[in-house]
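Novice: This structure is in structure tokens; I'll ask about it shortly.
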Amino acid sequence: MTRRLKATAQLVALASVAGLLALLVWSVVHQQHAPGVGSMAPAFTLRRLEGTGSVSLASYRGKPVVLNFWASWCEPCKTEAAVLERDWTSYRSRGVVFLGVDYHDLGSDARRFVSAHALTFPMLEDGSGNVTSRYGISQVPETYVLNRQGRVVAHLRGPITDPGFAGEFRDAIVKAAA
Amino acid sequence: MLRFAAVVAVALAFAGPAAACAHPRTSLNYLQGQVMCPTCHTTLDMSDSQAAQQIKGFIAKRVAECWTAKQIESALVANYGQGILAAPSHKGFDLLAWWLPIAGVLVGALLLAFGVWHWSRRREPEEPDEPPASGLDEETERRLDDLLTRFD
């Protein structure tokens with residue numbers, strides 16, 4: 001009886017350790033990584049920040065897409081906003097789509113930000129950060145440039161106003177539109 | 001008369017927000033421990049990031065407007081999702097987070113109790129109910145008793 005009990009207890013302890021190990025492996029395997037250059041951008045559908053309805057990335061297949069992640073509490077996003085708007089107005093005639101993804105933000109503050117900076121390109125909200133985490137965003141602003149097939153052409157981890165990124169950003173748009 | 005009306009209007013304007021919430025129903029201090037900072041994954045009271053400051057400002061404003069903790073939490077969940085709350089909800093799969101630790105403690109206590117009971121049983125001296133049989137027949141036993149009494 002005692003031997004059987006001891007064996008059962010050992011089995012339970014082993015099963016617990018195996019379960020914890022499995023959980024650890026699962027979390028490591030399912031960790032979100034930023035999609036690398038050349039890989040497909042993760043698909044998503046997000047609600048519009050202003051107005052109603054939602055937008056899916058797939059609906060822009062066939063067009064180059066600039067995907068900018070931002071938040072109203074982010075200081076560098078404020079200086080970047082004007083440059084993004086200027087670039088949007090100059091590239092939109094060439095079929096380039098700009099999408100802003102507002103993450104971990106209060107909707108009211110985000111709308112105020114859009115209005116204060118007179119941003120006119122489509123803005124989407126990702127309050128929970130589910131989509132943003134699939135893009136491996138660790139800080140805002142970050143910008144992805146996607147080609148017509150939806151593949152990543154460039155990933156800029158920082159404001160596009162950064163002297164190191166300005167040239168890279170425009171080159172990526174040209175490459176994505178080619 | 002006009003001056004009086006102006007004074008009343010100004011007084012009402014200043015008194016309005018205060019009268020709206022003379023007795024706040026929750027506090028920023030309390031909610032800072034219940035709400036997570038979405039970018040740093042700690043509770044708000046542990047973080048001073050920009051995102052945390054924004055949420056603290058939102059909470060302070062709602063507390064001043066006499067919102068309850070539940071109302072403020074609901075508004076935050078609507079914005080950020082369930083993950084903004086430090087504690088999991090009391091429904092669905094999240095219930096596991098509440099019941100598993102309790103079940104673990106109960107199972108642990110049961111195992112401990114069983115172990116103590118088992119251990120104490122093994123250490124108890126075994127007292128036989130009846131003296132063990134000698135294996136001798138009655139006649140031999142009687143003679144043995146007689147012999148032993150002589151030595152007493």
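All residue names refer to the structure tokens as shown: chains lettered A, B, ... in order, residues numbered from 1 in each chain, ligands numbered from 1 in order.
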Excluding Val145 (chain A) and any residue of its chain fewer than 2 positions from it, enumerate the residues within 7 Å of it, using only C-alpha atoms, and give them as number ranges by chain.
Specialist: A: 65-67, 143, 147, 152-155, 172-173
Novice: Could you list, as a PyMOL selection string, the residues of chain A having an atom within 8 Å of chain B when counting only C-alpha atoms?
Specialist: chain A and resi 73-74+104-107+126-129
Novice: May I ask which of the residues A:Lys78, A:Arg61, A:Arg170, A:Arg47 is the closest one to Leu124 (chain A), counting only C-alpha atoms?
Specialist: A:Arg47
Novice: Rounded to one decimal place, report the CA of Pro24 (chain B)-CA of Ser74 (chain B) distance in Å.
Specialist: 17.3 Å
Novice: Extract, using only C-alpha atoms, all DNA, RNA and protein residues at most 12 Å from His117 (chain A), discarding same-chain residues fewer than 5 positions from it, and format them as a ChimeraX atom specification.
Specialist: /A:72,77-86,110-112
Novice: Go ahead and write the residues just picked, N, CA and C atoms, as a PDB file, in the first residue's frame.
Specialist:
```
ATOM      1  N   SER A  72      -0.094  58.352 -28.286  1.00  0.00           N
ATOM      2  CA  SER A  72      -0.176  59.787 -27.986  1.00  0.00           C
ATOM      3  C   SER A  72       0.766  60.201 -26.861  1.00  0.00           C
ATOM      4  N   CYS A  77       6.985  60.593 -31.194  1.00  0.00           N
ATOM      5  CA  CYS A  77       5.902  60.467 -32.181  1.00  0.00           C
ATOM      6  C   CYS A  77       5.375  61.841 -32.597  1.00  0.00           C
ATOM      7  N   LYS A  78       5.509  62.804 -31.678  1.00  0.00           N
ATOM      8  CA  LYS A  78       4.990  64.149 -31.971  1.00  0.00           C
ATOM      9  C   LYS A  78       5.807  64.813 -33.075  1.00  0.00           C
ATOM     10  N   THR A  79       7.119  64.679 -33.002  1.00  0.00           N
ATOM     11  CA  THR A  79       7.961  65.305 -34.031  1.00  0.00           C
ATOM     12  C   THR A  79       7.858  64.530 -35.343  1.00  0.00           C
ATOM     13  N   GLU A  80       7.629  63.228 -35.217  1.00  0.00           N
ATOM     14  CA  GLU A  80       7.554  62.388 -36.412  1.00  0.00           C
ATOM     15  C   GLU A  80       6.251  62.617 -37.186  1.00  0.00           C
ATOM     16  N   ALA A  81       5.187  62.984 -36.452  1.00  0.00           N
ATOM     17  CA  ALA A  81       3.848  63.073 -37.055  1.00  0.00           C
ATOM     18  C   ALA A  81       3.812  64.000 -38.279  1.00  0.00           C
ATOM     19  N   ALA A  82       4.410  65.175 -38.131  1.00  0.00           N
ATOM     20  CA  ALA A  82       4.370  66.150 -39.229  1.00  0.00           C
ATOM     21  C   ALA A  82       5.084  65.609 -40.472  1.00  0.00           C
ATOM     22  N   VAL A  83       6.200  64.913 -40.246  1.00  0.00           N
ATOM     23  CA  VAL A  83       6.983  64.367 -41.373  1.00  0.00           C
ATOM     24  C   VAL A  83       6.192  63.249 -42.059  1.00  0.00           C
ATOM     25  N   LEU A  84       5.551  62.429 -41.265  1.00  0.00           N
ATOM     26  CA  LEU A  84       4.735  61.346 -41.839  1.00  0.00           C
ATOM     27  C   LEU A  84       3.609  61.916 -42.689  1.00  0.00           C
ATOM     28  N   GLU A  85       2.956  62.943 -42.186  1.00  0.00           N
ATOM     29  CA  GLU A  85       1.843  63.549 -42.916  1.00  0.00           C
ATOM     30  C   GLU A  85       2.342  64.140 -44.244  1.00  0.00           C
ATOM     31  N   ARG A  86       3.509  64.794 -44.166  1.00  0.00           N
ATOM     32  CA  ARG A  86       4.075  65.394 -45.382  1.00  0.00           C
ATOM     33  C   ARG A  86       4.409  64.297 -46.409  1.00  0.00           C
ATOM     34  N   ALA A 110      -5.680  59.691 -28.121  1.00  0.00           N
ATOM     35  CA  ALA A 110      -5.174  59.396 -29.471  1.00  0.00           C
ATOM     36  C   ALA A 110      -5.886  60.262 -30.513  1.00  0.00           C
ATOM     37  N   ARG A 111      -7.200  60.389 -30.368  1.00  0.00           N
ATOM     38  CA  ARG A 111      -7.968  61.216 -31.325  1.00  0.00           C
ATOM     39  C   ARG A 111      -7.530  62.683 -31.228  1.00  0.00           C
ATOM     40  N   ARG A 112      -7.267  63.118 -30.006  1.00  0.00           N
ATOM     41  CA  ARG A 112      -6.794  64.498 -29.806  1.00  0.00           C
ATOM     42  C   ARG A 112      -5.432  64.683 -30.499  1.00  0.00           C
TER      43      ARG A 112
END
```
Novice: With a distance cut-off of 12 Å and only C-alpha atoms, select the neighbouring residues of Tyr144 (chain A), excluding the residue or stretch itself and same-chain residues fewer than 5 positions from it, and output the selection as a ChimeraX atom specification.
Specialist: /A:34-42,64-70,97-101,132,135-137,150-160,165,168-170,172-173,176
